[in-house]
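Asks: Contents of protein.cif (mmCIF, N, CA and C atoms):
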data_target
#
loop_
_atom_site.label_atom_id
_atom_site.label_comp_id
_atom_site.auth_asym_id
_atom_site.auth_seq_id
_atom_site.Cartn_x
_atom_site.Cartn_y
_atom_site.Cartn_z
N MET A 1 199.17 112.15 31.97
CA MET A 1 198.22 113.23 31.84
C MET A 1 197.00 112.79 31.03
N LYS A 2 197.28 112.07 29.91
CA LYS A 2 196.19 111.60 29.06
C LYS A 2 195.31 110.61 29.82
N LYS A 3 195.94 109.78 30.64
CA LYS A 3 195.20 108.78 31.41
C LYS A 3 194.28 109.46 32.42
N ILE A 4 194.77 110.50 33.10
CA ILE A 4 193.95 111.23 34.08
C ILE A 4 192.78 111.90 33.37
N PHE A 5 193.06 112.51 32.22
CA PHE A 5 191.99 113.16 31.45
C PHE A 5 190.94 112.14 31.02
N ALA A 6 191.39 110.98 30.55
CA ALA A 6 190.46 109.94 30.11
C ALA A 6 189.60 109.45 31.27
N ILE A 7 190.21 109.25 32.43
CA ILE A 7 189.45 108.80 33.61
C ILE A 7 188.43 109.86 34.01
N ALA A 8 188.86 111.12 34.01
CA ALA A 8 187.95 112.22 34.37
C ALA A 8 186.80 112.30 33.38
N ALA A 9 187.09 112.14 32.09
CA ALA A 9 186.04 112.21 31.06
C ALA A 9 185.04 111.07 31.22
N ILE A 10 185.54 109.88 31.46
CA ILE A 10 184.65 108.72 31.65
C ILE A 10 183.79 108.91 32.89
N THR A 11 184.40 109.37 33.97
CA THR A 11 183.65 109.62 35.21
C THR A 11 182.57 110.66 34.99
N ALA A 12 182.92 111.75 34.32
CA ALA A 12 181.94 112.81 34.06
C ALA A 12 180.80 112.29 33.19
N ALA A 13 181.14 111.54 32.15
CA ALA A 13 180.10 111.01 31.26
C ALA A 13 179.18 110.05 32.02
N THR A 14 179.76 109.23 32.88
CA THR A 14 178.95 108.30 33.67
C THR A 14 178.01 109.04 34.60
N LEU A 15 178.53 110.06 35.29
CA LEU A 15 177.70 110.84 36.20
C LEU A 15 176.60 111.58 35.46
N LEU A 16 176.94 112.19 34.33
CA LEU A 16 175.93 112.90 33.55
C LEU A 16 174.85 111.95 33.05
N GLY A 17 175.28 110.78 32.61
CA GLY A 17 174.31 109.78 32.16
C GLY A 17 173.39 109.35 33.28
N ALA A 18 173.94 109.17 34.46
CA ALA A 18 173.13 108.76 35.61
C ALA A 18 172.16 109.86 35.99
N VAL A 19 172.62 111.11 35.98
CA VAL A 19 171.74 112.23 36.32
C VAL A 19 170.64 112.36 35.27
N SER A 20 171.00 112.26 33.98
CA SER A 20 169.99 112.36 32.92
C SER A 20 168.97 111.25 33.04
N PHE A 21 169.44 110.02 33.31
CA PHE A 21 168.53 108.90 33.45
C PHE A 21 167.60 109.10 34.64
N ALA A 22 168.15 109.56 35.76
CA ALA A 22 167.34 109.78 36.95
C ALA A 22 166.31 110.87 36.69
N ALA A 23 166.72 111.95 36.04
CA ALA A 23 165.78 113.04 35.74
C ALA A 23 164.68 112.56 34.81
N ALA A 24 165.05 111.75 33.82
CA ALA A 24 164.05 111.25 32.88
C ALA A 24 163.05 110.34 33.58
N GLN A 25 163.50 109.59 34.57
CA GLN A 25 162.62 108.69 35.28
C GLN A 25 161.58 109.43 36.12
N GLU A 26 161.89 110.65 36.53
CA GLU A 26 160.98 111.41 37.38
C GLU A 26 159.90 112.13 36.59
N LEU A 27 160.05 112.25 35.29
CA LEU A 27 159.08 112.98 34.47
C LEU A 27 157.87 112.12 34.18
N PRO A 28 156.70 112.75 34.05
CA PRO A 28 155.49 111.99 33.74
C PRO A 28 155.51 111.48 32.29
N SER A 29 154.60 110.58 32.00
CA SER A 29 154.49 110.05 30.64
C SER A 29 153.98 111.14 29.70
N VAL A 30 154.10 110.90 28.42
CA VAL A 30 153.59 111.84 27.42
C VAL A 30 152.08 112.03 27.61
N GLU A 31 151.36 110.93 27.85
CA GLU A 31 149.91 111.01 28.03
C GLU A 31 149.55 111.86 29.25
N ASP A 32 150.25 111.64 30.36
CA ASP A 32 150.00 112.44 31.56
C ASP A 32 150.37 113.91 31.34
N THR A 33 151.42 114.12 30.59
CA THR A 33 151.83 115.50 30.27
C THR A 33 150.75 116.18 29.45
N TYR A 34 150.23 115.50 28.44
CA TYR A 34 149.16 116.08 27.62
C TYR A 34 147.92 116.39 28.47
N LYS A 35 147.60 115.49 29.41
CA LYS A 35 146.44 115.74 30.29
C LYS A 35 146.66 116.99 31.13
N ASP A 36 147.88 117.17 31.63
CA ASP A 36 148.18 118.35 32.44
C ASP A 36 148.13 119.62 31.60
N ILE A 37 148.63 119.55 30.38
CA ILE A 37 148.59 120.71 29.49
C ILE A 37 147.14 121.08 29.19
N GLU A 38 146.32 120.08 28.91
CA GLU A 38 144.91 120.33 28.62
C GLU A 38 144.20 120.91 29.85
N ALA A 39 144.53 120.42 31.02
CA ALA A 39 143.93 120.95 32.25
C ALA A 39 144.34 122.41 32.46
N THR A 40 145.53 122.77 32.02
CA THR A 40 146.03 124.14 32.19
C THR A 40 145.49 125.09 31.14
N PHE A 41 145.54 124.68 29.87
CA PHE A 41 145.16 125.55 28.76
C PHE A 41 143.79 125.26 28.16
N GLY A 42 143.21 124.11 28.50
CA GLY A 42 141.94 123.73 27.89
C GLY A 42 142.11 123.03 26.55
N VAL A 43 143.35 122.89 26.11
CA VAL A 43 143.68 122.26 24.84
C VAL A 43 145.16 121.88 24.87
N VAL A 44 145.53 120.89 24.08
CA VAL A 44 146.94 120.60 23.87
C VAL A 44 147.28 121.23 22.52
N PRO A 45 147.98 122.36 22.53
CA PRO A 45 148.25 123.07 21.28
C PRO A 45 149.04 122.20 20.28
N SER A 46 148.83 122.46 19.01
CA SER A 46 149.46 121.66 17.95
C SER A 46 150.99 121.72 18.02
N HIS A 47 151.54 122.86 18.43
CA HIS A 47 153.01 122.92 18.48
C HIS A 47 153.57 122.00 19.57
N ILE A 48 152.78 121.73 20.58
CA ILE A 48 153.23 120.80 21.61
C ILE A 48 153.07 119.36 21.12
N LYS A 49 152.01 119.11 20.38
CA LYS A 49 151.81 117.76 19.83
C LYS A 49 152.90 117.39 18.84
N THR A 50 153.49 118.37 18.16
CA THR A 50 154.54 118.07 17.19
C THR A 50 155.92 118.00 17.83
N TYR A 51 156.02 118.40 19.11
CA TYR A 51 157.30 118.38 19.84
C TYR A 51 157.73 116.93 20.02
N PRO A 52 159.02 116.64 20.02
CA PRO A 52 159.46 115.25 20.21
C PRO A 52 158.91 114.65 21.51
N LYS A 53 158.32 113.50 21.40
CA LYS A 53 157.70 112.83 22.55
C LYS A 53 158.70 112.62 23.69
N SER A 54 159.96 112.38 23.33
CA SER A 54 160.98 112.14 24.35
C SER A 54 161.31 113.39 25.16
N ALA A 55 160.92 114.56 24.68
CA ALA A 55 161.29 115.80 25.35
C ALA A 55 160.10 116.62 25.84
N VAL A 56 158.88 116.21 25.49
CA VAL A 56 157.72 117.04 25.79
C VAL A 56 157.48 117.19 27.30
N ALA A 57 157.70 116.17 28.07
CA ALA A 57 157.47 116.28 29.53
C ALA A 57 158.43 117.29 30.15
N GLY A 58 159.68 117.27 29.75
CA GLY A 58 160.65 118.22 30.27
C GLY A 58 160.35 119.64 29.82
N ALA A 59 159.97 119.80 28.56
CA ALA A 59 159.64 121.13 28.04
C ALA A 59 158.41 121.69 28.76
N TRP A 60 157.43 120.83 29.01
CA TRP A 60 156.23 121.28 29.72
C TRP A 60 156.55 121.62 31.17
N ALA A 61 157.40 120.83 31.82
CA ALA A 61 157.77 121.11 33.21
C ALA A 61 158.42 122.49 33.31
N MET A 62 159.32 122.81 32.38
CA MET A 62 159.96 124.12 32.37
C MET A 62 158.92 125.22 32.14
N THR A 63 158.08 125.03 31.13
CA THR A 63 157.07 126.03 30.77
C THR A 63 156.10 126.26 31.92
N LYS A 64 155.56 125.19 32.45
CA LYS A 64 154.59 125.31 33.53
C LYS A 64 155.22 125.95 34.77
N GLY A 65 156.44 125.55 35.07
CA GLY A 65 157.12 126.13 36.22
C GLY A 65 157.30 127.63 36.07
N LEU A 66 157.71 128.07 34.90
CA LEU A 66 157.90 129.50 34.68
C LEU A 66 156.58 130.27 34.65
N LEU A 67 155.54 129.63 34.17
CA LEU A 67 154.25 130.32 34.04
C LEU A 67 153.40 130.30 35.30
N THR A 68 153.45 129.21 36.07
CA THR A 68 152.44 129.04 37.11
C THR A 68 152.95 128.83 38.53
N ASP A 69 154.24 128.65 38.72
CA ASP A 69 154.74 128.38 40.08
C ASP A 69 154.47 129.58 40.99
N LYS A 70 153.79 129.33 42.08
CA LYS A 70 153.42 130.40 43.03
C LYS A 70 154.65 131.03 43.70
N ASN A 71 155.79 130.36 43.66
CA ASN A 71 157.01 130.88 44.28
C ASN A 71 157.85 131.73 43.33
N ASN A 72 157.38 131.93 42.11
CA ASN A 72 158.13 132.75 41.16
C ASN A 72 158.22 134.18 41.66
N ALA A 73 159.31 134.84 41.36
CA ALA A 73 159.54 136.22 41.82
C ALA A 73 158.74 137.24 41.01
N LEU A 74 158.50 136.96 39.74
CA LEU A 74 157.80 137.91 38.89
C LEU A 74 156.31 137.60 38.81
N GLU A 75 155.52 138.65 38.81
CA GLU A 75 154.08 138.51 38.66
C GLU A 75 153.76 138.06 37.23
N PRO A 76 152.68 137.32 37.03
CA PRO A 76 152.32 136.83 35.69
C PRO A 76 152.21 137.94 34.64
N LYS A 77 151.64 139.09 34.98
CA LYS A 77 151.52 140.18 34.00
C LYS A 77 152.90 140.67 33.57
N VAL A 78 153.80 140.81 34.51
CA VAL A 78 155.16 141.27 34.20
C VAL A 78 155.85 140.27 33.28
N LYS A 79 155.71 138.98 33.60
CA LYS A 79 156.31 137.95 32.75
C LYS A 79 155.75 138.00 31.34
N SER A 80 154.44 138.17 31.21
CA SER A 80 153.84 138.23 29.88
C SER A 80 154.33 139.46 29.11
N LEU A 81 154.49 140.58 29.81
CA LEU A 81 155.00 141.78 29.14
C LEU A 81 156.46 141.60 28.70
N ILE A 82 157.26 140.94 29.53
CA ILE A 82 158.63 140.62 29.13
C ILE A 82 158.61 139.69 27.92
N ASN A 83 157.79 138.66 27.99
CA ASN A 83 157.69 137.70 26.90
C ASN A 83 157.27 138.39 25.61
N LEU A 84 156.31 139.31 25.72
CA LEU A 84 155.85 140.05 24.55
C LEU A 84 156.99 140.89 23.97
N ALA A 85 157.73 141.57 24.82
CA ALA A 85 158.84 142.39 24.35
C ALA A 85 159.88 141.55 23.61
N VAL A 86 160.20 140.39 24.16
CA VAL A 86 161.15 139.49 23.50
C VAL A 86 160.57 138.99 22.17
N ALA A 87 159.31 138.59 22.19
CA ALA A 87 158.67 138.07 20.98
C ALA A 87 158.66 139.11 19.86
N ALA A 88 158.46 140.37 20.23
CA ALA A 88 158.45 141.43 19.23
C ALA A 88 159.83 141.60 18.60
N GLN A 89 160.88 141.32 19.37
CA GLN A 89 162.24 141.48 18.87
C GLN A 89 162.74 140.28 18.08
N ILE A 90 162.18 139.12 18.30
CA ILE A 90 162.70 137.91 17.64
C ILE A 90 162.61 138.01 16.12
N PRO A 91 161.61 138.39 15.45
CA PRO A 91 160.20 138.52 15.80
C PRO A 91 159.47 137.21 15.59
N CYS A 92 158.46 136.99 16.43
CA CYS A 92 157.64 135.78 16.31
C CYS A 92 156.17 136.19 16.39
N GLN A 93 155.47 136.08 15.27
CA GLN A 93 154.07 136.50 15.27
C GLN A 93 153.20 135.65 16.18
N TYR A 94 153.53 134.39 16.33
CA TYR A 94 152.77 133.50 17.21
C TYR A 94 152.92 133.96 18.67
N CYS A 95 154.18 134.15 19.06
CA CYS A 95 154.48 134.56 20.44
C CYS A 95 153.93 135.95 20.73
N THR A 96 154.08 136.85 19.79
CA THR A 96 153.57 138.21 19.97
C THR A 96 152.07 138.18 20.22
N TRP A 97 151.37 137.41 19.41
CA TRP A 97 149.91 137.33 19.55
C TRP A 97 149.53 136.73 20.90
N VAL A 98 150.11 135.57 21.24
CA VAL A 98 149.69 134.88 22.46
C VAL A 98 150.14 135.63 23.71
N GLU A 99 151.31 136.24 23.69
CA GLU A 99 151.77 136.96 24.88
C GLU A 99 150.98 138.25 25.09
N THR A 100 150.53 138.88 24.00
CA THR A 100 149.63 140.03 24.15
C THR A 100 148.33 139.58 24.80
N LYS A 101 147.80 138.46 24.32
CA LYS A 101 146.56 137.90 24.88
C LYS A 101 146.74 137.56 26.36
N PHE A 102 147.86 136.88 26.70
CA PHE A 102 148.13 136.52 28.09
C PHE A 102 148.31 137.75 28.97
N ALA A 103 149.04 138.75 28.46
CA ALA A 103 149.28 139.97 29.25
C ALA A 103 147.96 140.67 29.54
N LYS A 104 147.11 140.76 28.54
CA LYS A 104 145.81 141.42 28.75
C LYS A 104 144.93 140.60 29.69
N ALA A 105 145.03 139.29 29.61
CA ALA A 105 144.27 138.43 30.53
C ALA A 105 144.75 138.63 31.98
N GLN A 106 146.00 139.03 32.14
CA GLN A 106 146.57 139.29 33.47
C GLN A 106 146.36 140.74 33.89
N GLY A 107 145.62 141.52 33.08
CA GLY A 107 145.30 142.88 33.45
C GLY A 107 146.13 143.97 32.80
N ALA A 108 147.01 143.61 31.86
CA ALA A 108 147.81 144.62 31.18
C ALA A 108 146.91 145.49 30.29
N THR A 109 147.19 146.78 30.30
CA THR A 109 146.44 147.72 29.46
C THR A 109 147.12 147.83 28.10
N ASP A 110 146.42 148.44 27.16
CA ASP A 110 147.02 148.69 25.85
C ASP A 110 148.27 149.55 26.00
N GLU A 111 148.22 150.50 26.94
CA GLU A 111 149.37 151.37 27.18
C GLU A 111 150.57 150.56 27.71
N GLU A 112 150.33 149.61 28.59
CA GLU A 112 151.42 148.77 29.11
C GLU A 112 152.00 147.88 28.02
N VAL A 113 151.14 147.34 27.17
CA VAL A 113 151.60 146.52 26.05
C VAL A 113 152.49 147.36 25.14
N ALA A 114 152.03 148.57 24.80
CA ALA A 114 152.80 149.45 23.92
C ALA A 114 154.15 149.81 24.56
N GLU A 115 154.14 150.07 25.86
CA GLU A 115 155.38 150.44 26.53
C GLU A 115 156.36 149.28 26.59
N ALA A 116 155.86 148.07 26.80
CA ALA A 116 156.75 146.90 26.81
C ALA A 116 157.43 146.72 25.46
N VAL A 117 156.67 146.88 24.40
CA VAL A 117 157.24 146.76 23.06
C VAL A 117 158.23 147.89 22.79
N ALA A 118 157.89 149.11 23.22
CA ALA A 118 158.81 150.24 23.05
C ALA A 118 160.09 150.04 23.85
N GLN A 119 159.99 149.46 25.06
CA GLN A 119 161.18 149.17 25.86
C GLN A 119 162.10 148.21 25.11
N ALA A 120 161.51 147.21 24.50
CA ALA A 120 162.31 146.25 23.74
C ALA A 120 162.99 146.94 22.56
N ALA A 121 162.27 147.83 21.90
CA ALA A 121 162.84 148.56 20.77
C ALA A 121 163.99 149.47 21.23
N TYR A 122 163.81 150.09 22.38
CA TYR A 122 164.84 150.96 22.95
C TYR A 122 166.13 150.17 23.20
N VAL A 123 166.02 149.02 23.84
CA VAL A 123 167.20 148.21 24.13
C VAL A 123 167.82 147.73 22.84
N ARG A 124 167.00 147.29 21.90
CA ARG A 124 167.51 146.79 20.61
C ARG A 124 168.25 147.91 19.87
N HIS A 125 167.69 149.12 19.90
CA HIS A 125 168.32 150.25 19.22
C HIS A 125 169.73 150.49 19.73
N TRP A 126 169.86 150.68 21.06
CA TRP A 126 171.16 151.00 21.62
C TRP A 126 172.12 149.82 21.57
N SER A 127 171.60 148.61 21.64
CA SER A 127 172.44 147.43 21.48
C SER A 127 173.06 147.41 20.09
N THR A 128 172.26 147.75 19.09
CA THR A 128 172.76 147.81 17.71
C THR A 128 173.87 148.85 17.59
N VAL A 129 173.65 150.02 18.17
CA VAL A 129 174.66 151.08 18.12
C VAL A 129 175.94 150.65 18.84
N LEU A 130 175.79 150.18 20.09
CA LEU A 130 176.96 149.79 20.88
C LEU A 130 177.77 148.68 20.21
N ASN A 131 177.08 147.65 19.75
CA ASN A 131 177.78 146.53 19.12
C ASN A 131 178.32 146.90 17.75
N GLY A 132 177.50 147.60 16.96
CA GLY A 132 177.93 147.97 15.61
C GLY A 132 179.10 148.93 15.61
N MET A 133 179.14 149.83 16.57
CA MET A 133 180.24 150.80 16.66
C MET A 133 181.41 150.25 17.47
N GLN A 134 181.24 149.02 18.00
CA GLN A 134 182.26 148.33 18.77
C GLN A 134 182.81 149.21 19.90
N ILE A 135 181.87 149.78 20.65
CA ILE A 135 182.24 150.62 21.79
C ILE A 135 182.96 149.76 22.82
N ASP A 136 184.05 150.27 23.35
CA ASP A 136 184.85 149.54 24.33
C ASP A 136 184.01 149.27 25.59
N LEU A 137 183.88 148.00 25.97
CA LEU A 137 183.05 147.62 27.11
C LEU A 137 183.58 148.20 28.42
N LYS A 138 184.88 148.20 28.60
CA LYS A 138 185.45 148.74 29.84
C LYS A 138 185.13 150.23 29.97
N THR A 139 185.26 150.97 28.89
CA THR A 139 184.93 152.40 28.89
C THR A 139 183.45 152.60 29.18
N PHE A 140 182.62 151.81 28.53
CA PHE A 140 181.16 151.90 28.72
C PHE A 140 180.81 151.68 30.18
N LYS A 141 181.36 150.62 30.78
CA LYS A 141 181.09 150.33 32.18
C LYS A 141 181.55 151.48 33.09
N THR A 142 182.71 152.03 32.80
CA THR A 142 183.24 153.15 33.59
C THR A 142 182.29 154.35 33.50
N GLU A 143 181.78 154.62 32.32
CA GLU A 143 180.87 155.76 32.12
C GLU A 143 179.59 155.62 32.93
N PHE A 144 179.20 154.39 33.23
CA PHE A 144 177.97 154.15 33.97
C PHE A 144 178.24 153.67 35.40
N GLY A 145 179.40 153.97 35.94
CA GLY A 145 179.67 153.69 37.35
C GLY A 145 180.43 152.42 37.62
N GLY A 146 180.87 151.71 36.62
CA GLY A 146 181.69 150.51 36.83
C GLY A 146 180.90 149.30 37.32
N ASP A 147 181.61 148.21 37.45
CA ASP A 147 181.06 146.91 37.86
C ASP A 147 179.68 146.76 37.34
#
What would the structure in this file look like if it were written as structure tokens?
Replies:
Amino acid sequence: MKKIFAIAAITAATLLGAVSFAAAQELPSVEDTYKDIEATFGVVPSHIKTYPKSAVAGAWAMTKGLLTDKNNALEPKVKSLINLAVAAQIPCQYCTWVETKFAKAQGATDEEVAEAVAQAAYVRHWSTVLNGMQIDLKTFKTEFGGD
């Protein structure tokens, strides 16, 4: 049994290493990543410059994909409003500021910004009650129609 486990572990580690190496090979250089960021934002923000060089291309690929891919299901304004709501709950003053700016740039009104933040507060409120009071999850699900 130990031998089978050891073989499986070695195989998995080898495959993961190969996948990680292949993925790393497909990413652009740090310099090319910075050029793409500057082309997108007009600047390479300081928080990106301080990010580990070994990970910046992957982090940018994720960020850019979520923000700009034309095949995304959510509209940019909706994403910014979601991001703002999350930022308000974390709380992150940097994210709150920039996501408000991005949401407004995508056409969000002051009323939509306020509602997104209020929605986050609403979920946070009831989450606190449900978790703090340790409400039975099965009962909760049943009360709202199950599954």
Asks: Name the residues of region 55-144 of chain A that come out as alpha helix (DSSP H) in a backbone DSSP run; write them as number ranges by chain.
Replies: A: 55-68, 76-89, 93-105, 110-132, 137-143
Asks: Would you please work out which residue, of A:Ala39, A:Val56, A:Val117, A:Met133, is nearest to Gln89 (chain A) when using only C-alpha atoms?
Replies: A:Val117
Asks: Between atom C of Tyr34 (chain A) and atom C of Pro52 (chain A), what is the distance, to one decimal in Å?
Replies: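 Computing it gives 13.1 Å between the two atoms.
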Asks: List as a PyMOL selection string the protein and nucleic acid residues near Lys77 (chain A), meaning an atom at most 8 Å away when only C-alpha atoms are counted, but skip any in the same chain fewer than 2 places from it.
Replies: chain A and resi 75+79-81+102-104+106-108
Asks: Name the residues that the PyMOL selection byres (((chain A and resi 60 and name CA) around 10) and name CA) pulls out of this structure, and write them as a PyMOL selection string.
Replies: chain A and resi 27+33-34+36-37+48+55-59+61-66
Asks: I'd like the interatomic distance between atom N of Gly132 (chain A) and CA of Ala120 (chain A), to a tenth of an Å.
Replies: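 The value is 16.7 Å.
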Asks: How many Å separate atom C of Leu84 (chain A) from atom C of Lys101 (chain A)?
Replies: 11.0 Å
Asks: Can you spell out as a list in words the set of residues that the PyMOL selection byres (((chain A and resi 116 and name CA) around 10) and name CA) selects in the structure I just provided?
Replies: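 Written out, the selection comes to Val78, Ser80, Leu81, Ile82, Asn83, Leu84, Ala85, Val86, Ala88, Asp110, Glu111, Glu112, Val113, Ala114, Glu115, Val117, Ala118, Gln119, Ala120, Ala121 and Tyr122 of chain A.
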Asks: My list of candidates is A:Thr109, A:Thr40, A:Thr96, A:Val30. Which is closest to Ser54 (chain A) when distances are computed with only N, CA and C atoms?
Replies: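 So, comparing all the options, the nearest one is A:Val30.
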